[in-house]
>>> print(open('coords_31.cif').read())   # mmCIF, C-alpha atoms
data_final
#
loop_
_atom_site.group_PDB
_atom_site.id
_atom_site.type_symbol
_atom_site.label_atom_id
_atom_site.label_comp_id
_atom_site.auth_asym_id
_atom_site.auth_seq_id
_atom_site.Cartn_x
_atom_site.Cartn_y
_atom_site.Cartn_z
ATOM 1 C CA MET A 220 0.000 0.000 0.000
ATOM 2 C CA ASP A 221 1.330 3.405 -0.941
ATOM 3 C CA GLU A 222 0.537 5.518 2.136
ATOM 4 C CA ASP A 223 1.046 8.889 0.413
ATOM 5 C CA LEU A 224 -1.168 8.263 -2.549
ATOM 6 C CA ASN A 225 -3.407 5.767 -0.762
ATOM 7 C CA VAL A 226 -3.232 3.497 -3.831
ATOM 8 C CA THR A 227 -3.076 -0.269 -3.549
ATOM 9 C CA HIS A 228 -0.757 -1.875 -6.085
ATOM 10 C CA ILE A 229 -1.029 -5.480 -7.219
ATOM 11 C CA THR A 230 1.921 -7.465 -8.549
ATOM 12 C CA LEU A 231 1.214 -9.505 -11.666
ATOM 13 C CA GLY A 232 3.350 -12.614 -11.286
ATOM 14 C CA GLY A 233 2.119 -14.712 -14.194
ATOM 15 C CA LEU A 234 4.856 -13.925 -16.728
ATOM 16 C CA VAL A 235 7.573 -16.536 -17.208
ATOM 17 C CA GLU A 236 11.199 -15.284 -17.109
ATOM 18 C CA VAL A 237 10.118 -11.837 -18.260
ATOM 19 C CA HIS A 238 13.507 -10.263 -17.445
ATOM 20 C CA LYS A 239 15.236 -12.762 -19.732
ATOM 21 C CA TYR A 240 12.792 -12.686 -22.652
ATOM 22 C CA ARG A 241 11.183 -9.232 -22.277
ATOM 23 C CA TYR A 242 12.067 -7.993 -25.779
ATOM 24 C CA LEU A 243 11.037 -11.249 -27.453
ATOM 25 C CA TYR A 244 7.706 -11.170 -25.566
ATOM 26 C CA PHE A 245 7.231 -7.518 -26.496
ATOM 27 C CA ILE A 246 7.834 -8.049 -30.238
ATOM 28 C CA ILE A 247 5.597 -11.153 -30.438
ATOM 29 C CA THR A 248 2.807 -9.458 -28.488
ATOM 30 C CA LEU A 249 3.030 -6.235 -30.511
ATOM 31 C CA ILE A 250 2.844 -8.203 -33.790
ATOM 32 C CA ALA A 251 -0.119 -10.201 -32.462
ATOM 33 C CA TYR A 252 -1.939 -7.031 -31.392
ATOM 34 C CA ILE A 253 -1.369 -5.366 -34.776
ATOM 35 C CA LEU A 254 -2.595 -8.527 -36.545
ATOM 36 C CA ILE A 255 -5.719 -8.647 -34.374
ATOM 37 C CA ILE A 256 -6.557 -5.007 -35.106
ATOM 38 C CA CYS A 257 -5.827 -5.315 -38.850
ATOM 39 C CA CYS A 258 -7.569 -8.667 -39.476
ATOM 40 C CA ASN A 259 -10.714 -7.691 -37.611
ATOM 41 C CA SER A 260 -10.779 -4.147 -39.001
ATOM 42 C CA VAL A 261 -10.469 -5.276 -42.635
ATOM 43 C CA ILE A 262 -13.599 -7.440 -42.392
ATOM 44 C CA VAL A 263 -15.521 -4.732 -40.503
ATOM 45 C CA TYR A 264 -14.475 -2.272 -43.231
ATOM 46 C CA LEU A 265 -15.726 -4.620 -45.979
ATOM 47 C CA ILE A 266 -19.064 -5.030 -44.210
ATOM 48 C CA MET A 267 -19.400 -1.262 -43.895
ATOM 49 C CA ILE A 268 -18.649 -0.363 -47.530
ATOM 50 C CA HIS A 269 -20.528 -3.136 -49.342
ATOM 51 C CA GLN A 270 -24.291 -2.731 -49.533
ATOM 52 C CA ASN A 271 -24.958 -6.456 -49.953
ATOM 53 C CA LEU A 272 -23.320 -7.053 -46.548
ATOM 54 C CA HIS A 273 -25.711 -4.684 -44.765
ATOM 55 C CA GLU A 274 -27.780 -7.605 -43.496
ATOM 56 C CA PRO A 275 -28.349 -8.598 -39.852
ATOM 57 C CA MET A 276 -26.007 -11.604 -40.048
ATOM 58 C CA TYR A 277 -23.069 -9.496 -41.277
ATOM 59 C CA ILE A 278 -23.864 -6.665 -38.860
ATOM 60 C CA PHE A 279 -23.642 -9.166 -35.982
ATOM 61 C CA ILE A 280 -20.350 -10.474 -37.393
ATOM 62 C CA ALA A 281 -19.001 -6.898 -37.520
ATOM 63 C CA ALA A 282 -20.116 -6.369 -33.910
ATOM 64 C CA LEU A 283 -18.398 -9.604 -32.879
ATOM 65 C CA LEU A 284 -15.141 -8.532 -34.523
ATOM 66 C CA ILE A 285 -15.321 -5.045 -32.952
ATOM 67 C CA ASN A 286 -15.866 -6.810 -29.630
ATOM 68 C CA SER A 287 -12.668 -8.826 -30.225
ATOM 69 C CA VAL A 288 -10.666 -5.632 -30.825
ATOM 70 C CA LEU A 289 -12.062 -4.029 -27.646
ATOM 71 C CA PHE A 290 -11.340 -7.246 -25.711
ATOM 72 C CA SER A 291 -7.719 -7.240 -26.915
ATOM 73 C CA THR A 292 -7.327 -3.527 -26.186
ATOM 74 C CA ALA A 293 -8.314 -4.180 -22.565
ATOM 75 C CA ILE A 294 -5.300 -6.528 -22.214
ATOM 76 C CA TYR A 295 -2.557 -5.859 -24.762
ATOM 77 C CA PRO A 296 -1.458 -2.228 -24.070
ATOM 78 C CA LYS A 297 -0.892 -2.959 -20.358
ATOM 79 C CA LEU A 298 0.842 -6.221 -21.228
ATOM 80 C CA LEU A 299 3.218 -4.439 -23.622
ATOM 81 C CA ILE A 300 4.076 -1.916 -20.893
ATOM 82 C CA ASP A 301 4.711 -4.745 -18.403
ATOM 83 C CA PHE A 302 7.208 -6.454 -20.717
ATOM 84 C CA LEU A 303 9.378 -3.320 -20.702
ATOM 85 C CA SER A 304 8.948 -2.559 -16.987
ATOM 86 C CA GLU A 305 11.182 -3.694 -14.151
ATOM 87 C CA LYS A 306 8.124 -4.485 -12.032
ATOM 88 C CA GLN A 307 4.827 -5.823 -13.346
ATOM 89 C CA ILE A 308 2.383 -3.940 -11.137
ATOM 90 C CA ILE A 309 -1.079 -2.475 -11.501
ATOM 91 C CA SER A 310 -3.236 -0.407 -9.172
ATOM 92 C CA TYR A 311 -6.134 -2.320 -7.659
ATOM 93 C CA SER A 312 -8.662 0.061 -9.240
ATOM 94 C CA ALA A 313 -7.072 -0.434 -12.686
ATOM 95 C CA CYS A 314 -7.050 -4.174 -12.050
ATOM 96 C CA LEU A 315 -10.780 -4.098 -11.301
ATOM 97 C CA PHE A 316 -11.369 -2.127 -14.495
ATOM 98 C CA GLN A 317 -9.436 -4.709 -16.534
ATOM 99 C CA PHE A 318 -11.406 -7.482 -14.788
ATOM 100 C CA PHE A 319 -14.624 -5.646 -15.679
ATOM 101 C CA MET A 320 -13.666 -5.236 -19.355
ATOM 102 C CA PHE A 321 -12.439 -8.831 -19.660
ATOM 103 C CA TYR A 322 -15.661 -10.415 -18.408
ATOM 104 C CA SER A 323 -18.067 -7.793 -19.733
ATOM 105 C CA LEU A 324 -16.772 -8.171 -23.295
ATOM 106 C CA GLY A 325 -16.495 -11.918 -22.800
ATOM 107 C CA GLY A 326 -20.185 -12.025 -21.891
ATOM 108 C CA SER A 327 -21.001 -9.823 -24.884
ATOM 109 C CA GLU A 328 -19.368 -12.449 -27.096
ATOM 110 C CA PHE A 329 -21.831 -15.116 -25.945
ATOM 111 C CA LEU A 330 -24.822 -12.788 -26.334
ATOM 112 C CA LEU A 331 -23.746 -11.726 -29.834
ATOM 113 C CA LEU A 332 -23.373 -15.384 -30.814
ATOM 114 C CA ALA A 333 -26.870 -16.002 -29.395
ATOM 115 C CA ALA A 334 -28.268 -13.138 -31.505
ATOM 116 C CA MET A 335 -26.543 -14.598 -34.571
ATOM 117 C CA SER A 336 -28.010 -18.047 -33.916
ATOM 118 C CA TYR A 337 -31.516 -16.548 -33.652
ATOM 119 C CA ASP A 338 -30.941 -14.625 -36.891
ATOM 120 C CA ARG A 339 -29.906 -17.859 -38.662
ATOM 121 C CA TYR A 340 -32.920 -19.698 -37.223
ATOM 122 C CA VAL A 341 -35.387 -17.096 -38.544
ATOM 123 C CA SER A 342 -33.575 -16.835 -41.902
ATOM 124 C CA ILE A 343 -33.520 -20.601 -42.555
ATOM 125 C CA CYS A 344 -36.628 -21.860 -40.772
ATOM 126 C CA LYS A 345 -38.957 -18.856 -41.259
ATOM 127 C CA PRO A 346 -37.704 -17.155 -44.431
ATOM 128 C CA LEU A 347 -41.007 -15.462 -45.280
ATOM 129 C CA GLN A 348 -41.175 -13.796 -41.857
ATOM 130 C CA TYR A 349 -37.478 -12.843 -41.801
ATOM 131 C CA PRO A 350 -37.842 -9.219 -43.052
ATOM 132 C CA THR A 351 -40.638 -8.598 -40.522
ATOM 133 C CA ILE A 352 -38.846 -10.151 -37.530
ATOM 134 C CA MET A 353 -35.238 -9.070 -38.149
ATOM 135 C CA LYS A 354 -35.895 -5.377 -38.669
ATOM 136 C CA LYS A 355 -33.272 -2.713 -38.082
ATOM 137 C CA THR A 356 -34.862 -1.933 -34.713
ATOM 138 C CA THR A 357 -34.615 -5.590 -33.639
ATOM 139 C CA VAL A 358 -30.946 -5.738 -34.633
ATOM 140 C CA ASN A 359 -30.194 -2.525 -32.706
ATOM 141 C CA VAL A 360 -31.954 -3.863 -29.603
ATOM 142 C CA PHE A 361 -29.954 -7.112 -29.768
ATOM 143 C CA LEU A 362 -26.684 -5.187 -30.126
ATOM 144 C CA ALA A 363 -27.523 -2.865 -27.230
ATOM 145 C CA LEU A 364 -28.474 -5.775 -24.975
ATOM 146 C CA ALA A 365 -25.354 -7.732 -25.935
ATOM 147 C CA TRP A 366 -23.064 -4.919 -24.775
ATOM 148 C CA LEU A 367 -25.097 -3.327 -21.971
ATOM 149 C CA LEU A 368 -26.427 -6.392 -20.128
ATOM 150 C CA PRO A 369 -23.024 -7.900 -19.178
ATOM 151 C CA ALA A 370 -21.614 -4.440 -18.401
ATOM 152 C CA CYS A 371 -24.496 -3.558 -16.061
ATOM 153 C CA GLU A 372 -24.324 -6.915 -14.288
ATOM 154 C CA LEU A 373 -20.533 -6.770 -13.862
ATOM 155 C CA VAL A 374 -20.691 -3.341 -12.212
ATOM 156 C CA ALA A 375 -22.113 -4.887 -9.033
ATOM 157 C CA SER A 376 -19.301 -7.484 -8.922
ATOM 158 C CA VAL A 377 -16.701 -4.737 -9.271
ATOM 159 C CA VAL A 378 -18.310 -2.612 -6.531
ATOM 160 C CA MET A 379 -18.489 -5.587 -4.127
ATOM 161 C CA SER A 380 -14.857 -6.523 -4.901
ATOM 162 C CA ASP A 381 -13.756 -2.935 -4.350
ATOM 163 C CA ASN A 382 -15.293 -3.041 -0.873
ATOM 164 C CA GLN A 383 -13.414 -6.215 0.081
ATOM 165 C CA ARG A 384 -10.348 -5.999 2.330
ATOM 166 C CA LEU A 385 -7.155 -7.317 0.722
ATOM 167 C CA CYS A 386 -4.714 -9.640 2.466
ATOM 168 C CA SER A 387 -2.632 -10.585 -0.570
ATOM 169 C CA PHE A 388 -1.103 -8.321 -3.204
ATOM 170 C CA THR A 389 0.266 -10.777 -5.770
ATOM 171 C CA LEU A 390 -1.627 -12.449 -8.599
ATOM 172 C CA LYS A 391 -0.221 -15.548 -10.293
ATOM 173 C CA VAL A 392 -1.537 -14.341 -13.661
ATOM 174 C CA PHE A 393 -0.408 -11.616 -16.084
ATOM 175 C CA PHE A 394 -3.774 -9.856 -16.400
ATOM 176 C CA CYS A 395 -6.665 -9.362 -14.005
ATOM 177 C CA ASN A 396 -9.277 -12.118 -14.187
ATOM 178 C CA ASN A 397 -11.306 -13.763 -11.427
ATOM 179 C CA ALA A 398 -8.036 -14.632 -9.688
ATOM 180 C CA ILE A 399 -8.479 -11.232 -7.994
ATOM 181 C CA TYR A 400 -10.875 -12.951 -5.558
ATOM 182 C CA LYS A 401 -7.855 -14.756 -4.084
ATOM 183 C CA LEU A 402 -6.539 -11.378 -2.935
ATOM 184 C CA HIS A 403 -9.501 -10.936 -0.579
ATOM 185 C CA CYS A 404 -9.054 -11.681 3.110
ATOM 186 C CA MET A 405 -12.378 -13.509 3.231
ATOM 187 C CA SER A 406 -14.451 -15.070 0.490
ATOM 188 C CA SER A 407 -17.867 -13.439 0.157
ATOM 189 C CA LEU A 408 -20.865 -15.753 -0.156
ATOM 190 C CA ALA A 409 -22.986 -12.918 -1.569
ATOM 191 C CA LEU A 410 -20.341 -12.169 -4.218
ATOM 192 C CA SER A 411 -20.033 -15.853 -5.149
ATOM 193 C CA ILE A 412 -23.799 -16.251 -5.540
ATOM 194 C CA TYR A 413 -24.100 -13.051 -7.535
ATOM 195 C CA ASP A 414 -21.222 -14.032 -9.836
ATOM 196 C CA MET A 415 -22.871 -17.396 -10.427
ATOM 197 C CA SER A 416 -26.070 -15.623 -11.495
ATOM 198 C CA VAL A 417 -24.052 -13.388 -13.855
ATOM 199 C CA LEU A 418 -22.342 -16.465 -15.314
ATOM 200 C CA LEU A 419 -25.736 -18.059 -15.942
ATOM 201 C CA ASN A 420 -27.181 -14.910 -17.539
ATOM 202 C CA VAL A 421 -24.330 -13.953 -19.868
ATOM 203 C CA ALA A 422 -22.671 -17.295 -20.645
ATOM 204 C CA LEU A 423 -24.506 -20.519 -19.810
ATOM 205 C CA PHE A 424 -28.071 -19.522 -20.777
ATOM 206 C CA PRO A 425 -26.920 -17.954 -24.086
ATOM 207 C CA MET A 426 -24.802 -21.043 -24.820
ATOM 208 C CA PHE A 427 -27.733 -23.410 -24.183
ATOM 209 C CA PHE A 428 -29.945 -21.170 -26.335
ATOM 210 C CA ILE A 429 -27.369 -21.286 -29.158
ATOM 211 C CA LEU A 430 -27.070 -25.074 -29.004
ATOM 212 C CA PHE A 431 -30.864 -25.465 -28.898
ATOM 213 C CA THR A 432 -31.289 -23.078 -31.851
ATOM 214 C CA TYR A 433 -28.724 -24.773 -34.076
ATOM 215 C CA ALA A 434 -30.082 -28.214 -33.140
ATOM 216 C CA ASN A 435 -33.511 -27.035 -34.313
ATOM 217 C CA ILE A 436 -32.048 -25.602 -37.517
ATOM 218 C CA PHE A 437 -30.317 -28.876 -38.397
ATOM 219 C CA LYS A 438 -33.381 -30.887 -37.401
ATOM 220 C CA ILE A 439 -35.706 -28.825 -39.645
ATOM 221 C CA THR A 440 -33.293 -28.585 -42.604
ATOM 222 C CA TYR A 441 -32.601 -32.343 -42.461
ATOM 223 C CA ARG A 442 -36.145 -32.918 -43.764
ATOM 224 C CA LYS A 443 -35.756 -30.408 -46.588
ATOM 225 C CA SER A 444 -33.861 -30.406 -49.882
ATOM 226 C CA ARG A 445 -30.124 -30.849 -50.246
ATOM 227 C CA GLU A 446 -29.777 -27.198 -51.306
ATOM 228 C CA VAL A 447 -31.392 -25.975 -48.072
ATOM 229 C CA ARG A 448 -29.157 -28.262 -45.997
ATOM 230 C CA LYS A 449 -26.084 -26.948 -47.830
ATOM 231 C CA LYS A 450 -27.106 -23.326 -47.199
ATOM 232 C CA ALA A 451 -27.695 -24.073 -43.507
ATOM 233 C CA ALA A 452 -24.300 -25.736 -43.174
ATOM 234 C CA GLU A 453 -22.489 -22.886 -44.972
ATOM 235 C CA THR A 454 -23.985 -20.132 -42.833
ATOM 236 C CA CYS A 455 -24.129 -21.936 -39.479
ATOM 237 C CA LEU A 456 -20.815 -23.811 -39.462
ATOM 238 C CA PRO A 457 -18.623 -20.692 -38.906
ATOM 239 C CA HIS A 458 -20.811 -19.621 -35.950
ATOM 240 C CA VAL A 459 -20.664 -23.121 -34.434
ATOM 241 C CA LEU A 460 -16.856 -23.250 -34.822
ATOM 242 C CA VAL A 461 -16.474 -19.844 -33.146
ATOM 243 C CA LEU A 462 -18.797 -20.938 -30.301
ATOM 244 C CA ILE A 463 -16.878 -24.197 -29.716
ATOM 245 C CA ASN A 464 -13.533 -22.408 -29.804
ATOM 246 C CA TYR A 465 -14.621 -19.656 -27.418
ATOM 247 C CA SER A 466 -16.408 -22.033 -25.010
ATOM 248 C CA LEU A 467 -13.335 -24.262 -24.743
ATOM 249 C CA LEU A 468 -11.038 -21.303 -24.096
ATOM 250 C CA CYS A 469 -13.400 -19.943 -21.411
ATOM 251 C CA THR A 470 -13.548 -23.370 -19.772
ATOM 252 C CA TYR A 471 -9.752 -23.580 -19.754
ATOM 253 C CA GLU A 472 -9.561 -20.110 -18.210
ATOM 254 C CA VAL A 473 -11.911 -21.051 -15.362
ATOM 255 C CA ILE A 474 -10.076 -24.345 -14.714
ATOM 256 C CA ILE A 475 -6.646 -22.686 -14.735
ATOM 257 C CA VAL A 476 -7.753 -20.062 -12.191
ATOM 258 C CA ARG A 477 -9.308 -22.713 -9.946
ATOM 259 C CA LEU A 478 -6.197 -24.950 -10.126
ATOM 260 C CA GLU A 479 -3.791 -22.025 -9.885
ATOM 261 C CA SER A 480 -1.633 -23.519 -7.117
ATOM 262 C CA ASP A 481 -1.634 -27.035 -8.604
ATOM 263 C CA ILE A 482 -0.254 -26.325 -12.079
ATOM 264 C CA PRO A 483 3.187 -25.215 -13.262
ATOM 265 C CA LYS A 484 3.537 -21.493 -13.949
ATOM 266 C CA ILE A 485 4.468 -22.128 -17.594
ATOM 267 C CA VAL A 486 1.197 -24.052 -18.178
ATOM 268 C CA GLY A 487 -0.887 -21.200 -16.761
ATOM 269 C CA PHE A 488 1.054 -18.714 -18.889
ATOM 270 C CA ILE A 489 0.533 -20.708 -22.118
ATOM 271 C CA VAL A 490 -3.196 -21.301 -21.554
ATOM 272 C CA SER A 491 -3.854 -17.673 -20.570
ATOM 273 C CA SER A 492 -1.939 -16.550 -23.672
ATOM 274 C CA GLN A 493 -4.207 -18.704 -25.850
ATOM 275 C CA ILE A 494 -7.278 -16.914 -24.505
ATOM 276 C CA ILE A 495 -6.060 -13.441 -25.448
ATOM 277 C CA LEU A 496 -4.254 -14.446 -28.659
ATOM 278 C CA TYR A 497 -6.000 -17.359 -30.334
ATOM 279 C CA HIS A 498 -9.639 -16.311 -30.196
ATOM 280 C CA PRO A 499 -9.353 -12.670 -31.445
ATOM 281 C CA LEU A 500 -7.397 -13.990 -34.451
ATOM 282 C CA PHE A 501 -9.608 -17.046 -34.948
ATOM 283 C CA ASN A 502 -12.808 -15.029 -35.519
ATOM 284 C CA PRO A 503 -11.705 -13.008 -38.569
ATOM 285 C CA ILE A 504 -9.979 -16.029 -40.120
ATOM 286 C CA ILE A 505 -13.095 -18.195 -39.797
ATOM 287 C CA TYR A 506 -15.499 -15.523 -41.037
ATOM 288 C CA GLY A 507 -13.098 -14.399 -43.759
ATOM 289 C CA LEU A 508 -12.631 -17.912 -45.143
ATOM 290 C CA LYS A 509 -15.944 -19.605 -44.429
ATOM 291 C CA MET A 510 -18.491 -16.863 -45.138
ATOM 292 C CA LYS A 511 -18.919 -16.905 -48.911
ATOM 293 C CA GLU A 512 -19.754 -13.208 -49.457
ATOM 294 C CA ILE A 513 -17.023 -11.919 -47.133
ATOM 295 C CA SER A 514 -14.468 -14.256 -48.692
ATOM 296 C CA LYS A 515 -15.433 -13.006 -52.167
ATOM 297 C CA HIS A 516 -14.957 -9.352 -51.184
ATOM 298 C CA LEU A 517 -11.647 -10.168 -49.479
ATOM 299 C CA ARG A 518 -10.293 -11.772 -52.650
ATOM 300 C CA ARG A 519 -11.414 -8.764 -54.699
ATOM 301 C CA LEU A 520 -9.757 -6.373 -52.236
ATOM 302 C CA PHE A 521 -6.378 -8.106 -52.325
ATOM 303 C CA CYS A 522 -6.499 -8.783 -56.063
ATOM 304 C CA GLN A 523 -7.305 -5.111 -56.688
ATOM 305 C CA ASN A 524 -4.352 -4.062 -54.513
ATOM 306 C CA LYS A 525 -2.034 -6.318 -56.535
ATOM 307 C CA LEU A 526 -3.305 -4.875 -59.835
ATOM 308 C CA ASN A 527 -2.794 -1.307 -58.603
ATOM 309 C CA ARG A 528 0.886 -1.916 -57.907
#
>>> encode(input="coords_31.cif", output="structure tokens")
Amino acid sequence: MDEDLNVTHITLGGLVEVHKYRYLYFIITLIAYILIICCNSVIVYLIMIHQNLHEPMYIFIAALLINSVLFSTAIYPKLLIDFLSEKQIISYSACLFQFFMFYSLGGSEFLLLAAMSYDRYVSICKPLQYPTIMKKTTVNVFLALAWLLPACELVASVVMSDNQRLCSFTLKVFFCNNAIYKLHCMSSLALSIYDMSVLLNVALFPMFFILFTYANIFKITYRKSREVRKKAAETCLPHVLVLINYSLLCTYEVIIVRLESDIPKIVGFIVSSQIILYHPLFNPIIYGLKMKEISKHLRRLFCQNKLNR
């Protein structure tokens, strides 16, 4: 505790041999961050400028990719600073803010994927009603809920954590996740129950809804023509792959935090790195390669650039 400034500082102890490999870590992380911003931004740009991509499905994809950039921005700049610093520290208030951004945007990811699954369900199973149901107003409401609902629910967790007394000032991770609860002198039953309700609302319920929706889509399209089944597979497969990838990474993150003292530091470092590196790069690659219209515009963009040289 800094008595003069009355600021509590937390040591981030999750980096492996940072003093030895600081410049290597910095270069790799900076390249990864630039790639994340560029890959996601290119697809968002294509969706913005092409009129035929101004449909709910592509708007949700753009929102998902913007969410990935925001998610990365909550982690990467501080991480880059830490690599070049003698001490990897963060104020407790800044740590709580990073915790808030990490889980708020993580919850938004699940809700955006849920909105996309509903959009695909209406498009494939109720095509005649699609223009009436998926109006611009409906899309805007889904987007607002996807970003505001997790943020509003996480505020209470942050406030309760801020009121907790700290007995430890070292985290065994390199960014602030729910490991911050291990800093508290006493575990709070009210906080644990509330966090469980938040987890249900922004992760588990949306995930069950997504699985139920896609199961219904495949069940209904199975009875229809081969062309309909092909269309369903082409548009739904990228969303399912993104959901599986993100769900697995979130599960790993929870397990790693829970087993913090039972696993080698290098294992925790590698798994945590996957969460902030793999998924933000996975989304644009999947949507860029698997979504037919986006892939077509990407090829045109790069071919045009080659011709202009």
>>> residues_around(input="coords_31.cif", residues="range 262-277 of chain A", least_positions_apart="4", cutoff="8 Å", atoms="only C-alpha atoms", output="list in words")
Cys258, Ala281, Leu284, Ile285, Met335, Asp338, Arg339, Met353, Lys355, Val358, Pro503, Gly507, Glu512, Ile513, His516 and Leu517 of chain A
>>> closest_residue(input="coords_31.cif", among="A:Phe321, A:Leu368, A:Glu472, A:Val261", to="Phe488 in chain A", atoms="all atoms listed in the file")
A:Glu472
>>> residues_near_point(input="coords_31.cif", point="(10.8, -13.2, -16.4)", cutoff="12 Å", atoms="all atoms listed in the file", output="list of chain:residue names")
A:Leu231, A:Gly232, A:Gly233, A:Leu234, A:Val235, A:Glu236, A:Val237, A:His238, A:Lys239, A:Tyr240, A:Arg241, A:Tyr242, A:Leu243, A:Tyr244, A:Asp301, A:Phe302, A:Leu303, A:Ser304, A:Glu305, A:Lys306, A:Gln307, A:Phe393, A:Lys484, A:Ile485, A:Phe488
>>> atom_distance(input="coords_31.cif", atom1="CA of Ser342 in chain A", atom2="CA of Ala434 in chain A")
14.8 Å
>>> resolve_selection(input="coords_31.cif", expression="the PyMOL selection byres ((chain A and resi 452-457) around 7)", output="list in words")
Arg448, Lys449, Lys450, Ala451, His458, Val459, Leu460, Val461, Ile505, Tyr506, Lys509 and Met510 of chain A
>>> write_last_selection(input="coords_31.cif", atoms="C-alpha atoms", output="short mmCIF file (atom, residue, chain, number, x, y, z; two decimals), in the frame of the given file")
data_model
loop_
_atom_site.label_atom_id
_atom_site.label_comp_id
_atom_site.auth_asym_id
_atom_site.auth_seq_id
_atom_site.Cartn_x
_atom_site.Cartn_y
_atom_site.Cartn_z
CA ARG A 448 -29.16 -28.26 -46.00
CA LYS A 449 -26.08 -26.95 -47.83
CA LYS A 450 -27.11 -23.33 -47.20
CA ALA A 451 -27.70 -24.07 -43.51
CA HIS A 458 -20.81 -19.62 -35.95
CA VAL A 459 -20.66 -23.12 -34.43
CA LEU A 460 -16.86 -23.25 -34.82
CA VAL A 461 -16.47 -19.84 -33.15
CA ILE A 505 -13.10 -18.20 -39.80
CA TYR A 506 -15.50 -15.52 -41.04
CA LYS A 509 -15.94 -19.60 -44.43
CA MET A 510 -18.49 -16.86 -45.14
#
>>> atom_distance(input="coords_31.cif", atom1="CA of Ala313 in chain A", atom2="CA of Ala409 in chain A")
23.1 Å
>>> axis_aligned_box(input="coords_31.cif", around="range 259-267 of chain A", padding_each_side="3 Å", output="AutoDock Vina command-line options")
--center_x -14.9 --center_y -4.5 --center_z -41.8 --size_x 14.9 --size_y 12.4 --size_z 14.4
>>> atom_distance(input="coords_31.cif", atom1="CA of Ala422 in chain A", atom2="CA of Tyr400 in chain A")
19.6 Å
>>> residues_around(input="coords_31.cif", residues="Thr432 in chain A", least_positions_apart="5", cutoff="8 Å", atoms="all atoms listed in the file", output="list of chain:residue names")
A:Ser336, A:Tyr337, A:Tyr340
>>> residues_around(input="coords_31.cif", residues="Phe290 in chain A", least_positions_apart="4", cutoff="8 Å", atoms="only C-alpha atoms", output="PyMOL selection string")
chain A and resi 286+294+320-321+324-325
>>> closest_residue(input="coords_31.cif", among="A:Leu331, A:Val490, A:Leu347, A:Leu385", to="Pro425 in chain A", atoms="all atoms listed in the file")
A:Leu331
>>> resolve_selection(input="coords_31.cif", expression="the PyMOL selection byres ((chain A and resi 494-501) around 7)", output="ChimeraX atom specification")
/A:255,287,291,465,468,490-493,502-505
>>> write_last_selection(input="coords_31.cif", atoms="C-alpha atoms", output="compact mmCIF listing (two decimals), in the frame of the given file")
# COMPACT_ATOMS: atom_id res chain seq x y z
CA ILE A 255 -5.72 -8.65 -34.37
CA SER A 287 -12.67 -8.83 -30.22
CA SER A 291 -7.72 -7.24 -26.92
CA TYR A 465 -14.62 -19.66 -27.42
CA LEU A 468 -11.04 -21.30 -24.10
CA VAL A 490 -3.20 -21.30 -21.55
CA SER A 491 -3.85 -17.67 -20.57
CA SER A 492 -1.94 -16.55 -23.67
CA GLN A 493 -4.21 -18.70 -25.85
CA ASN A 502 -12.81 -15.03 -35.52
CA PRO A 503 -11.70 -13.01 -38.57
CA ILE A 504 -9.98 -16.03 -40.12
CA ILE A 505 -13.10 -18.20 -39.80
>>> closest_residue(input="coords_31.cif", among="A:Ile278, A:Ala333, A:Tyr311, A:Phe437", to="Leu423 in chain A", atoms="all atoms listed in the file")
A:Ala333
>>> residues_around(input="coords_31.cif", residues="Ile308 in chain A", least_positions_apart="4", cutoff="7 Å", atoms="all atoms listed in the file", output="ChimeraX atom specification")
/A:228-231
>>> resolve_selection(input="coords_31.cif", expression="the PyMOL selection byres ((chain A and resi 314-316) around 9)", output="JSON, numbers by chain")
{"A": [228, 229, 293, 309, 310, 311, 312, 313, 317, 318, 319, 320, 321, 377, 380, 381, 394, 395, 396, 399]}
>>> closest_residue(input="coords_31.cif", among="A:Thr440, A:Thr389, A:Ser327, A:Thr351", to="Ala365 in chain A", atoms="all atoms listed in the file")
A:Ser327
>>> residues_around(input="coords_31.cif", residues="Gln383 in chain A", least_positions_apart="4", cutoff="10 Å", atoms="all atoms listed in the file", output="PyMOL selection string")
chain A and resi 378-379+400+402-407
>>> closest_residue(input="coords_31.cif", among="A:Tyr349, A:Tyr413, A:Phe329, A:Tyr322", to="Ile463 in chain A", atoms="only C-alpha atoms")
A:Phe329
>>> closest_residue(input="coords_31.cif", among="A:Leu408, A:Ile280, A:Val486, A:Cys344", to="Lys391 in chain A", atoms="all atoms listed in the file")
A:Val486
